[in-house]
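Scroll down for the structure; my scribbles are underneath it.
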Amino acid sequence: MTLVVLASINLATYCLFWLDKRAAQRNAWRASERMLLTFAIAGGSLGALAACHIHRHKTRKEPFRTLLLSIVTFHVGLVVATAFTDPELPSLLDAWAAIF
């Protein structure tokens with residue numbers, strides 16, 4: 001369930017960044033940087049990072065770039081900390097290994 005929610009948030013964030021890039025190219029209404037970063041911090045940081053690199057959007061804009069990379073670093077840290085403190089980790093790794 002958690003993975004489905006995170007995948008949905010990342011997909012929504014990716015789409016928001018992509019739509020903002022298209023709007024920038026057309027001089028149309030833009031999403032605020034606050035909204036983009038809010039979606040990223042809500043769990044969509046990998047979708048945001050992917051959209052930035054794929055669509056070359058907001059890659060040189062400071063402090064936006066630094067804030068986004070900080071959010072990504074924070075989320076990766078949470079995943080690593082959870083992985084090492086989760087008592088079910090050995091069974092999850094066994095299940096993952098069985099798939100491959």
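Ligands are numbered from 1 in the order shown, chains are lettered A, B, ... in the order of the structure tokens, and residues start at 1 in each chain.
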
Residues near A:Gly43, cut-off 8 Å, only C-alpha atoms, skip fewer than 3 positions along chain, as a PyMOL selection string: chain A and resi 6+9-10+39-40+75

Can I get the selected residues back with N, CA and C atoms, as a CSV table (one decimal), in the first residue's frame?
```
chain,number,residue,atom,x,y,z
A,6,LEU,N,3.3,6.1,-2.6
A,6,LEU,CA,4.6,6.8,-3.0
A,6,LEU,C,4.7,6.9,-4.5
A,9,ILE,N,2.3,9.6,-5.7
A,9,ILE,CA,2.8,11.0,-5.4
A,9,ILE,C,3.9,11.4,-6.3
A,10,ASN,N,4.8,10.4,-6.6
A,10,ASN,CA,5.9,10.7,-7.5
A,10,ASN,C,5.5,11.0,-8.9
A,39,PHE,N,5.1,19.4,-3.2
A,39,PHE,CA,4.9,18.1,-3.8
A,39,PHE,C,6.1,17.2,-3.6
A,40,ALA,N,7.3,17.8,-3.7
A,40,ALA,CA,8.5,17.0,-3.5
A,40,ALA,C,8.6,16.6,-2.1
A,75,HIS,N,14.9,12.3,2.1
A,75,HIS,CA,14.1,11.1,1.8
A,75,HIS,C,14.9,9.9,1.7
```

Which of stretch 52-100 of chain A DSSP labels helix (DSSP H, G or I), written as an MDAnalysis selection string: chainID A and resid 52:55 64:85 89:99

Nearby residues (only C-alpha atoms) at most 9 Å from stretch 24-36 of chain A, same-chain spacing under 6 positions excluded, as a list of chain:residue names: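 Non-adjacent residues within range: A:Thr13, A:Leu16, A:Phe17, A:Ala48, A:Phe64.
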
Would you write out those residues with C-alpha atoms, as a short mmCIF file (atom, residue, chain, number, x, y, z; two decimals), in the first residue's frame?
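As written to disk, out12.cif reads:
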```cif
data_model
loop_
_atom_site.label_atom_id
_atom_site.label_comp_id
_atom_site.auth_asym_id
_atom_site.auth_seq_id
_atom_site.Cartn_x
_atom_site.Cartn_y
_atom_site.Cartn_z
CA THR A 13 4.92 15.42 -8.90
CA LEU A 16 3.32 18.84 -12.20
CA PHE A 17 6.96 19.63 -13.08
CA ALA A 48 10.66 15.89 -9.10
CA PHE A 64 15.36 25.86 -5.73
#
```

Between atom CA of A:Gly44 and atom CA of A:Gly77 - distance in Å to one decimal: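 Those two atoms sit 14.6 Å apart.
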
Could you give me, as CSV, every stretch 4-79 of chain A residue with an atom at most 12 Å from stretch 83-88 of chain A, plus its closest atom pair and distance in Å to one decimal, counting only C-alpha atoms, rows ordered by chain then number?
```
residue,atom,partner,partner_atom,distance
A:Val76,CA,A:Ala83,CA,10.5
A:Gly77,CA,A:Ala83,CA,9.8
A:Leu78,CA,A:Ala83,CA,8.4
A:Val79,CA,A:Ala83,CA,6.0
```

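Atom pair atom CA of A:Ser70 / atom CA of A:Arg22 has a distance of 25.1 Å (rounded to one decimal).
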
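Neighbours of stretch 54-62 of chain A closer than or equal to 7 Å, with only C-alpha atoms counted and sequence neighbours fewer than 4 positions away skipped, come out as A:Trp18, A:Lys21, A:Ala50, A:Thr66.
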
Interatomic distance (Å, one decimal) between atom CA of A:Thr73 and atom CA of A:Leu19: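 A separation of 24.5 Å between them.
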